[in-house]
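Asker: Take this structure, written in structure tokens, and hold onto it; I'll ask about it next.
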Number of protein chains: 2
Amino acid sequence: MSLIKNSILNIKPYMAGKPIEETKRELGLKEVIKLASNENPLGASPKALQAIRKNVSGINRYPDSQGFYLKRKIAQYLKVQSSNVVLGNGSDEIIDIIIKTFVEEDENIITADTTFLEYEIISQVNNRKVITVPLRYFKYDLEGIKRKINKKTKLIFISNPNNPTGTYVTKFELEDFMVDLPRDLILVLDEAYDTFIDVDDFPKSLQYLSGQNKNIIVLKTFSKAYGLAGLRIGYAIASSDFASYMERVRQPFNVNLLAQVAATAALDDRDFLRKTRKVILQGRNYLYEALNKLGIAYVPSVANFILIDVGKDSVGLFRDMLKYGVIVRDMKQYGLKNFIRVTIGTRKENERFIKVLKKVL
Amino acid sequence: MSLIKNSILNIKPYMAGKPIEETKRELGLKEVIKLASNENPLGASPKALQAIRKNVSGINRYPDSQGFYLKRKIAQYLKVQSSNVVLGNGSDEIIDIIIKTFVEEDENIITADTTFLEYEIISQVNNRKVITVPLRYFKYDLEGIKRKINKKTKLIFISNPNNPTGTYVTKFELEDFMVDLPRDLILVLDEAYDTFIDVDDFPKSLQYLSGQNKNIIVLKTFSKAYGLAGLRIGYAIASSDFASYMERVRQPFNVNLLAQVAATAALDDRDFLRKTRKVILQGRNYLYEALNKLGIAYVPSVANFILIDVGKDSVGLFRDMLKYGVIVRDMKQYGLKNFIRVTIGTRKENERFIKVLKKVL
């Protein structure tokens, strides 16, 4: 007799990008670079680091359960109210909060079949049914999703830009999709990678919040462009009504004290954000050119990573690259067994990646 | 039409202890002491602070999703295996993980009616039925709990020592209770305050894990004696079978990077722990004597806080003390409207508390 809940028995755990420390430990390597988790290769904002150092001696106190200063700063920055902001221990936790707040036991959730894996895992953990719709040409198939909506559909998760493909849903596609959505359905737009967008037709999603379709929740994170992945801060922007119920579900001390002060300071560090964006956009072009020269196919990306078709089993390739101290992400868990996802790094890291890729291919 | 899940509509949010910063901001006070959240008045372990400073520049990287070093250190310290340890973003999150892992939708959870509020809140958030059993003489009524067990009971939460009363279940009481518990039931012993125990008959709960009754999960935290409340680290010790399923439910990056390094270092700082324990035990005696002199009733405590019968509405008393810059916790939310809970502070803080208490009573 098992005491484990039935729905938990079949969950496949999320496989994280391999940490630098672990790679060094296991392979006895000294110089390892990690291009596996879409982290900021420049580190964290210096202003954030300064804020942490200033507040570190106060960590015997619980964090502010209301996140007063951080919410106020986010609200100023995005031109919303503090009451529209819900803070999470990373966007992962926000996903959990959303499901718990809105999705009844017999309701379902729709997302793509090749997208951020946590939408499906966290739905399963909460014992909610997930309907996945295949991508079309590596893009979210909004028409396909619309066809799958039924009376029990409560949530749709759209990763925009999409992880791991780097593609995006345009303003026109999204608005067309929203026109006749059922009114009892909530659309979650996860914009973790929005800083790296360099196209004109990306949706300005926050505008929809004040429009007719208020059932939109936008997710943002400090883990990517702001370089604070290690501290865990994501957030949702939603109507103040939605946000007030999400606040009841949110655990009071979910966002740690150093995360709150670091994120508040990071939002003021526009220089660091500009520098990060520049490095990523330049790195993207460098990698495109290098891959073109090698005749290797990839999916053009508006994010800080590139999905690359390596034409052979990517788990083996991942292991081969590891031996040379380069950590990338094989896409087996995402169902793309001949693909790797590489995070755009510094110029030096990108060059090393290309050099090692040539060696192992 | 509301899109909010029915079970969420009636949840009363947890009211956190009032933060120092907020009190200063709202009341224009300069010197504020907080004795409201059972935090360590000495700060955090110096070794933990050092570990944070050493690792702060690496926060652009995700935390180790396996918590390798911290789990290994905890395992060494408690003489268990790493596979017995599950790390959480505070014990709050561990409670959520336990409910998600074990409690089916039609199963119920039993706890006391005056205990750590999150057992009930997190159960409600997960839409699980909670049966609460009144305390007897401010103690967990294990016989009363046993009478409430039915076929659908899956979990029992026991806060030991109990927050907010400071009382404890003895070894003999607990073992008597466990003798004929149904075998398909899991007992969670939350020992957040175990460092401050100064009695001989407190249960050595980890021993039960290797005994006949393996359906025991013990919770511990770094938020109290270790002074790391701001960073959020709690953990569960369970059979490796239970732990492996809890690991599937746990989000991969739930424990932040600085929390992991700080907690790992803090476990090695036995000096700090000894010093903390000494200050709390001395402070407890000081407060007992001072309250005795004033003829104020209290519940004897084995924890770092004391439940005090102030003989009048405690919300008003809380507000009165706040004006003098002393933050305590009124017990209205716990259903004890004439009680406050005061955290044992430094000698200076305890003296100030008594002085202000005299003034406002």
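Every chain in the structure tokens takes a letter, A first, then B, and so on in the order presented; its residues are numbered from 1, and the ligands are numbered from 1 following the presented order.
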Find the nearest atom pair between each residue of chain B and chain A for residues within 6 Å, count only C-alpha atoms, give distances in Å to one decimal, sort rows by chain and ascending number, and present the table as a tab-separated table.
Answerer:
residue	atom	partner	partner_atom	distance
B:Ile4	CA	A:Phe102	CA	4.9
B:Lys5	CA	A:Phe102	CA	4.9
B:Pro13	CA	A:Arg248	CA	5.1
B:Asn40	CA	A:Asn60	CA	6.0
B:Gly43	CA	A:Asn60	CA	5.0
B:Ala44	CA	A:Asn60	CA	5.3
B:Ile59	CA	A:Gly230	CA	4.4
B:Asn60	CA	A:Gly227	CA	4.2
B:Arg61	CA	A:Gly230	CA	5.2
B:Tyr62	CA	A:Gly230	CA	4.3
B:Pro63	CA	A:Gly230	CA	5.0
B:Thr101	CA	A:Lys5	CA	5.7
B:Phe102	CA	A:Ile4	CA	4.9
B:Glu104	CA	A:Lys5	CA	5.8
B:Val125	CA	A:Val249	CA	5.9
B:Gly227	CA	A:Asn60	CA	4.2
B:Leu228	CA	A:Asn60	CA	4.7
B:Ala229	CA	A:Tyr62	CA	4.8
B:Gly230	CA	A:Tyr62	CA	4.4
B:Leu231	CA	A:Asn256	CA	5.1
B:Arg248	CA	A:Pro13	CA	5.1
B:Val249	CA	A:Val125	CA	5.9
B:Asn256	CA	A:Leu231	CA	5.1
B:Leu257	CA	A:Gly230	CA	5.0
Asker: Region 23-115 of chain A: which residues are strand (DSSP E) by DSSP, as a ChimeraX atom specification?
Answerer: /A:33-34,85-88,108-112
Asker: Kindly save the residues from that selection, with N, CA, C and O atoms included, as a PDB file, in the first residue's frame.
Answerer:
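Result written to selection_18.pdb:
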ATOM      1  N   ILE A  33      32.314  26.591 -18.192  1.00  0.00           N
ATOM      2  CA  ILE A  33      31.347  27.662 -18.465  1.00  0.00           C
ATOM      3  C   ILE A  33      29.968  27.054 -18.628  1.00  0.00           C
ATOM      4  O   ILE A  33      29.811  25.943 -19.129  1.00  0.00           O
ATOM      5  N   LYS A  34      28.973  27.775 -18.145  1.00  0.00           N
ATOM      6  CA  LYS A  34      27.600  27.267 -18.178  1.00  0.00           C
ATOM      7  C   LYS A  34      26.755  28.124 -19.112  1.00  0.00           C
ATOM      8  O   LYS A  34      26.597  29.329 -18.892  1.00  0.00           O
ATOM      9  N   VAL A  85       0.446  43.816  -8.392  1.00  0.00           N
ATOM     10  CA  VAL A  85       1.682  43.025  -8.396  1.00  0.00           C
ATOM     11  C   VAL A  85       1.599  41.896  -7.369  1.00  0.00           C
ATOM     12  O   VAL A  85       1.217  42.126  -6.223  1.00  0.00           O
ATOM     13  N   VAL A  86       1.946  40.693  -7.780  1.00  0.00           N
ATOM     14  CA  VAL A  86       2.071  39.563  -6.852  1.00  0.00           C
ATOM     15  C   VAL A  86       3.483  39.009  -6.993  1.00  0.00           C
ATOM     16  O   VAL A  86       3.913  38.662  -8.099  1.00  0.00           O
ATOM     17  N   LEU A  87       4.199  38.947  -5.873  1.00  0.00           N
ATOM     18  CA  LEU A  87       5.594  38.500  -5.904  1.00  0.00           C
ATOM     19  C   LEU A  87       5.699  37.000  -5.638  1.00  0.00           C
ATOM     20  O   LEU A  87       4.964  36.461  -4.805  1.00  0.00           O
ATOM     21  N   GLY A  88       6.639  36.361  -6.308  1.00  0.00           N
ATOM     22  CA  GLY A  88       6.834  34.929  -6.111  1.00  0.00           C
ATOM     23  C   GLY A  88       8.288  34.541  -5.944  1.00  0.00           C
ATOM     24  O   GLY A  88       9.190  35.280  -6.340  1.00  0.00           O
ATOM     25  N   ASN A 108      -9.432  22.296 -16.750  1.00  0.00           N
ATOM     26  CA  ASN A 108      -8.163  21.967 -17.397  1.00  0.00           C
ATOM     27  C   ASN A 108      -7.367  23.200 -17.809  1.00  0.00           C
ATOM     28  O   ASN A 108      -7.845  24.331 -17.753  1.00  0.00           O
ATOM     29  N   ILE A 109      -6.140  22.909 -18.218  1.00  0.00           N
ATOM     30  CA  ILE A 109      -5.142  23.931 -18.543  1.00  0.00           C
ATOM     31  C   ILE A 109      -4.565  23.593 -19.910  1.00  0.00           C
ATOM     32  O   ILE A 109      -4.274  22.433 -20.183  1.00  0.00           O
ATOM     33  N   ILE A 110      -4.403  24.594 -20.756  1.00  0.00           N
ATOM     34  CA  ILE A 110      -3.815  24.349 -22.076  1.00  0.00           C
ATOM     35  C   ILE A 110      -2.487  25.075 -22.194  1.00  0.00           C
ATOM     36  O   ILE A 110      -2.344  26.213 -21.739  1.00  0.00           O
ATOM     37  N   THR A 111      -1.535  24.406 -22.809  1.00  0.00           N
ATOM     38  CA  THR A 111      -0.281  25.062 -23.171  1.00  0.00           C
ATOM     39  C   THR A 111       0.306  24.348 -24.390  1.00  0.00           C
ATOM     40  O   THR A 111      -0.339  23.462 -24.945  1.00  0.00           O
ATOM     41  N   ALA A 112       1.491  24.749 -24.795  1.00  0.00           N
ATOM     42  CA  ALA A 112       2.136  24.089 -25.928  1.00  0.00           C
ATOM     43  C   ALA A 112       2.809  22.802 -25.458  1.00  0.00           C
ATOM     44  O   ALA A 112       3.022  22.610 -24.260  1.00  0.00           O
TER      45      ALA A 112
END
Asker: How many Å separate CA of Tyr140 (chain B) from CA of Val169 (chain B)?
Answerer: 6.9 Å
Asker: Need the shell around Val342 (chain B): protein/DNA/RNA residues with any atom at most 12 Å away, counting only C-alpha atoms. Skip same-chain ones fewer than 4 positions apart. Format as number ranges by chain?
Answerer: B: 17, 33-39, 163-166, 283-284, 287-288, 291, 298-299, 301, 303-310, 314, 318, 321, 326-331, 349-350, 353-354, 357
Asker: If you run DSSP on this backbone, which residues of region 168-294 of chain A come out as alpha helix (DSSP H), and could you give them as number ranges by chain?
Answerer: A: 171-178, 206-209, 240-249, 257-267, 270-294
Asker: Would you write out those residues with C-alpha atoms, as a compact mmCIF listing (two decimals), in the first residue's frame?
Answerer:
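Output contents, as saved in part21.txt:
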# COMPACT_ATOMS: atom_id res chain seq x y z
CA LYS A 171 0.88 41.46 -31.32
CA PHE A 172 -1.43 40.73 -34.25
CA GLU A 173 -1.55 36.99 -33.63
CA LEU A 174 -2.23 37.48 -29.94
CA GLU A 175 -4.94 40.09 -30.44
CA ASP A 176 -6.60 37.97 -33.05
CA PHE A 177 -6.51 35.04 -30.63
CA MET A 178 -8.01 37.10 -27.81
CA LEU A 206 0.23 45.23 -20.02
CA GLN A 207 -2.06 47.39 -22.13
CA TYR A 208 -4.54 44.54 -22.31
CA LEU A 209 -4.96 44.62 -18.55
CA SER A 240 -6.19 44.05 -8.55
CA ASP A 241 -9.14 41.70 -8.08
CA PHE A 242 -7.18 38.69 -9.35
CA ALA A 243 -4.09 39.81 -7.45
CA SER A 244 -5.99 40.09 -4.17
CA TYR A 245 -7.00 36.43 -4.34
CA MET A 246 -3.55 35.32 -5.44
CA GLU A 247 -2.30 37.13 -2.34
CA ARG A 248 -4.44 34.85 -0.18
CA VAL A 249 -2.83 31.81 -1.75
CA LEU A 257 14.64 39.51 2.31
CA LEU A 258 17.77 39.76 0.16
CA ALA A 259 15.76 39.03 -2.97
CA GLN A 260 13.45 41.94 -2.16
CA VAL A 261 16.22 44.47 -1.61
CA ALA A 262 18.28 43.21 -4.56
CA ALA A 263 15.37 43.34 -6.99
CA THR A 264 14.33 46.80 -5.80
CA ALA A 265 17.85 48.09 -6.44
CA ALA A 266 18.20 46.22 -9.74
CA LEU A 267 15.16 47.96 -11.20
CA ARG A 270 19.20 50.86 -16.17
CA ASP A 271 22.87 50.91 -17.18
CA PHE A 272 23.31 47.28 -16.27
CA LEU A 273 20.18 46.31 -18.19
CA ARG A 274 21.33 48.20 -21.29
CA LYS A 275 24.76 46.59 -21.11
CA THR A 276 23.20 43.15 -20.72
CA ARG A 277 20.92 43.68 -23.68
CA LYS A 278 23.81 44.85 -25.83
CA VAL A 279 25.96 41.82 -24.96
CA ILE A 280 23.11 39.42 -25.69
CA LEU A 281 22.11 40.99 -29.01
CA GLN A 282 25.74 41.11 -30.18
CA GLY A 283 26.29 37.55 -28.98
CA ARG A 284 23.20 36.38 -30.83
CA ASN A 285 24.53 37.80 -34.09
CA TYR A 286 27.95 36.31 -33.46
CA LEU A 287 26.44 32.86 -32.87
CA TYR A 288 24.16 33.12 -35.92
CA GLU A 289 27.14 33.89 -38.13
CA ALA A 290 29.30 31.17 -36.62
CA LEU A 291 26.53 28.57 -36.95
CA ASN A 292 25.81 29.69 -40.52
CA LYS A 293 29.46 29.22 -41.39
CA LEU A 294 29.35 25.72 -39.96
Asker: Report the distance between CA of Val80 (chain A) and CA of Ile95 (chain A) in Å, rounded to one decimal place.
Answerer: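 It comes out at 20.7 Å.
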Asker: Using Å and a single decimal, report how far CA of Gly335 (chain B) sits from CA of Gly316 (chain B).
Answerer: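 Computing the Euclidean distance for CA of Gly316 (chain B) and CA of Gly335 (chain B) yields 15.0 Å.
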Asker: So that I can see what lies close to Arg136 (chain A), please list as a ChimeraX atom specification the residues with an atom at most 12 Å from it, counting only C-alpha atoms and leaving out residues fewer than 3 positions away in the same chain.
Answerer: /A:112-114,133,139-145,165,167-169
Asker: Closest to Ala238 (chain B) among B:Ile197, B:Ile131, B:Leu155, B:Val188, using only C-alpha atoms?
Answerer: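 Using only C-alpha atoms, the shortest distance to Ala238 (chain B) belongs to B:Val188.
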Asker: Env of region 190-192 of chain B: 6 Å cut, atoms = only C-alpha atoms, seq-sep filter 4 positions within chain, self excluded. Answer as a PyMOL selection string.
Answerer: chain B and resi 159-160+218-221
Asker: Of the candidates B:Phe202, B:Gly234, B:Lys332, B:Asn84, which one gets nearest to Ile216 (chain B) if we count only C-alpha atoms?
Answerer: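 With only C-alpha atoms as the atom set, the closest residue is B:Asn84.
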